[in-house]
Amino acid sequence: MRSLIQGKLLLVMAAVLIACTAAARKPIKTLIITGQNNHNWQVSHVVLKEILENSGLFKVDIALSPEKGQDMSNFILDFKPYSLVVLDYNGDSWPEETKTRFVDYAKNGGGIVVYHAADNAFPDWYEYNKIIGLGGWEGRNENSGPYVYFHEGELIKDTSPGIGGSHGKQHEYMMLSRNDNHPIINGLPNRWAHARDELYDRMRGPGNIKDLLYTAYSDKETGGSGREEPLIFTVDYGDARIFHTMLGHCGETIDNNPAMQCAGFQVTLLRGAEWAATGKVTQKVPADFPTSSYLTYRYDYMDMAKDKKKKK
């Protein structure tokens, strides 16, 4: 009898273990919001979806807004089914109901990824600007909050007057770690070469950065600010987990898209997205992650790089 009971107990334990394993592998339900942008959203949201889903960690739905200038009143989104919301939107204002639902989602501990030009959106929406931490363009100035940049080991909040948001010409640049122990970048190189991209600078806003992860120097020779700019960070906003990456300017086509094809962009996006959704990162550091000497590309947006070239 004892052996029978033990056998049944083992079967129950095995069933529970299998169920737990299956649950652990269940893809993270993700919503990408897109449809309007000053950037090439027609390509960027497709690439973002491929990067996320090809990792095996995410299952992605797309919320496609009406075209710019069209009726937005029916663009009502339900965020409750999602563990992660990825912002790839810069355009007409959302309906008040969607705005309220989004703020509630964030305040109740939702996971959010702010991708590139999504930090240009909604300059007059107070809560949105708290959610993104820093923004640019669309009329932002000293009334939007201070400039925030990195200098001599600390974040500076500079209240000087001036425009919010700019960048010089696209170029390759070096990413510098500022928080080696954070789960998103733990194990990644302290310095790595990023592919040709815009380097956002002179960004302004509430400046409620929680964890500064990577900065890059915006060289005046490329038309930049001459400052060390915060480009990847988390945001302090209630119980939300918010990952903000300013990298990833979208190219003309899916195949000609160096900033999004950069393995460094993709890996930090994936790790930041997993952290935003779950609070932890289970991904190993891939062998193709760039170094300070080598740029690495993923041309098919899959896990393995097809090409490396030496940083000049």
# chains A, B, ... in the order shown; residues from 1 in each chain; ligands from 1
>>> select_by_dssp(residues="region 14-115 of chain A", states="helix (DSSP H, G or I)", output="ChimeraX atom specification")
/A:14-25,41-54,96-107
>>> select_by_dssp(residues="region 85-264 of chain A", states="strand (DSSP E)", output="number ranges by chain")
A: 85-87, 111-115, 147-151, 154-158, 171-177, 191-197, 209-218, 227-235, 241-245
>>> write_last_selection(atoms="C-alpha atoms", output="compact mmCIF listing (two decimals), in the first residue's frame")
# COMPACT_ATOMS: atom_id res chain seq x y z
CA VAL A 85 3.26 46.76 -23.98
CA VAL A 86 5.79 47.96 -26.56
CA LEU A 87 5.42 51.58 -27.67
CA GLY A 111 5.54 46.00 -18.20
CA ILE A 112 6.40 48.64 -20.80
CA VAL A 113 9.08 49.05 -23.46
CA VAL A 114 9.62 52.58 -24.80
CA TYR A 115 11.21 52.15 -28.21
CA TYR A 147 18.14 68.22 -19.76
CA VAL A 148 19.47 64.97 -18.31
CA TYR A 149 22.98 63.73 -19.12
CA PHE A 150 25.86 61.84 -17.52
CA HIS A 151 28.92 63.72 -16.28
CA GLU A 154 26.53 61.09 -12.04
CA LEU A 155 23.35 62.11 -13.77
CA ILE A 156 23.04 65.84 -14.22
CA LYS A 157 19.68 67.62 -14.39
CA ASP A 158 20.27 70.87 -16.24
CA HIS A 171 27.03 56.97 -37.23
CA GLU A 172 28.51 54.03 -35.34
CA TYR A 173 29.20 54.70 -31.67
CA MET A 174 30.34 53.05 -28.46
CA MET A 175 27.90 52.06 -25.71
CA LEU A 176 29.21 52.36 -22.15
CA SER A 177 27.77 50.41 -19.20
CA ARG A 191 31.81 48.68 -23.83
CA TRP A 192 30.35 47.57 -27.13
CA ALA A 193 30.13 48.98 -30.62
CA HIS A 194 26.67 49.87 -31.86
CA ALA A 195 25.84 49.99 -35.58
CA ARG A 196 25.04 53.15 -37.52
CA ASP A 197 22.15 54.82 -35.74
CA ILE A 209 15.49 57.49 -14.37
CA LYS A 210 15.63 54.55 -11.98
CA ASP A 211 18.52 52.50 -13.36
CA LEU A 212 20.88 54.05 -15.88
CA LEU A 213 22.18 51.14 -17.97
CA TYR A 214 24.08 52.53 -20.99
CA THR A 215 25.25 55.91 -22.20
CA ALA A 216 27.06 57.04 -25.35
CA TYR A 217 29.09 60.13 -26.11
CA SER A 218 27.38 62.53 -28.50
CA ARG A 227 27.73 65.20 -23.68
CA GLU A 228 27.48 61.62 -22.45
CA GLU A 229 23.83 60.86 -23.16
CA PRO A 230 21.59 58.31 -21.38
CA LEU A 231 20.35 55.93 -24.08
CA ILE A 232 19.17 52.81 -22.24
CA PHE A 233 17.59 52.99 -18.80
CA THR A 234 14.65 51.97 -16.63
CA VAL A 235 12.07 54.45 -15.38
CA ARG A 241 8.63 48.04 -14.88
CA ILE A 242 9.62 50.31 -17.74
CA PHE A 243 12.53 49.74 -20.11
CA HIS A 244 13.45 52.70 -22.33
CA THR A 245 15.79 52.27 -25.30
>>> residues_around(residues="region 278-290 of chain A", least_positions_apart="6", cutoff="6 Å", atoms="only C-alpha atoms", output="PyMOL selection string")
chain A and resi 183+192+263-264+296
>>> write_last_selection(atoms="C-alpha atoms", output="short mmCIF file (atom, residue, chain, number, x, y, z; two decimals), in the first residue's frame")
data_model
loop_
_atom_site.label_atom_id
_atom_site.label_comp_id
_atom_site.auth_asym_id
_atom_site.auth_seq_id
_atom_site.Cartn_x
_atom_site.Cartn_y
_atom_site.Cartn_z
CA PRO A 183 19.68 41.92 -14.63
CA TRP A 192 30.35 47.57 -27.13
CA ALA A 263 22.91 42.27 -32.28
CA GLY A 264 23.49 44.69 -29.40
CA THR A 296 27.74 42.22 -35.05
#
>>> residues_around(residues="Asp119 (chain A)", least_positions_apart="3", cutoff="7 Å", atoms="only C-alpha atoms", output="list in words")
Val114, His116, Ile132, Leu134, Gly135 and Gly136 of chain A
>>> closest_residue(among="A:Ile33, A:Ala106, A:Ala259, A:Ala240", to="Pro66 (chain A)", atoms="only C-alpha atoms")
A:Ile33
>>> decode(residues="region 143-157 of chain A", atoms="N, CA and C atoms", output="compact mmCIF listing (two decimals), in the first residue's frame")
# COMPACT_ATOMS: atom_id res chain seq x y z
N ASN A 143 10.21 74.02 -20.38
CA ASN A 143 8.97 73.77 -19.65
C ASN A 143 8.64 72.28 -19.53
N SER A 144 9.33 71.48 -20.31
CA SER A 144 9.10 70.03 -20.30
C SER A 144 9.91 69.33 -19.22
N GLY A 145 10.87 70.04 -18.63
CA GLY A 145 11.75 69.45 -17.64
C GLY A 145 13.20 69.71 -18.00
N PRO A 146 14.12 69.29 -17.15
CA PRO A 146 15.54 69.57 -17.40
C PRO A 146 16.15 68.67 -18.47
N TYR A 147 17.28 69.14 -19.03
CA TYR A 147 18.14 68.22 -19.76
C TYR A 147 18.69 67.22 -18.75
N VAL A 148 18.86 65.98 -19.18
CA VAL A 148 19.47 64.97 -18.31
C VAL A 148 20.61 64.31 -19.08
N TYR A 149 21.82 64.35 -18.50
CA TYR A 149 22.98 63.73 -19.12
C TYR A 149 23.93 63.25 -18.04
N PHE A 150 24.94 62.48 -18.45
CA PHE A 150 25.86 61.84 -17.52
C PHE A 150 27.19 62.60 -17.55
N HIS A 151 27.67 62.96 -16.35
CA HIS A 151 28.92 63.72 -16.28
C HIS A 151 29.64 63.40 -14.98
N GLU A 152 30.90 62.98 -15.13
CA GLU A 152 31.77 62.70 -13.99
C GLU A 152 31.09 61.78 -12.97
N GLY A 153 30.51 60.72 -13.48
CA GLY A 153 29.97 59.67 -12.61
C GLY A 153 28.58 59.87 -12.09
N GLU A 154 27.89 60.90 -12.54
CA GLU A 154 26.53 61.09 -12.04
C GLU A 154 25.63 61.70 -13.10
N LEU A 155 24.33 61.50 -12.89
CA LEU A 155 23.35 62.11 -13.77
C LEU A 155 23.16 63.57 -13.40
N ILE A 156 23.22 64.41 -14.41
CA ILE A 156 23.04 65.84 -14.22
C ILE A 156 21.65 66.23 -14.72
N LYS A 157 20.95 67.05 -13.96
CA LYS A 157 19.68 67.62 -14.39
C LYS A 157 19.90 69.12 -14.57
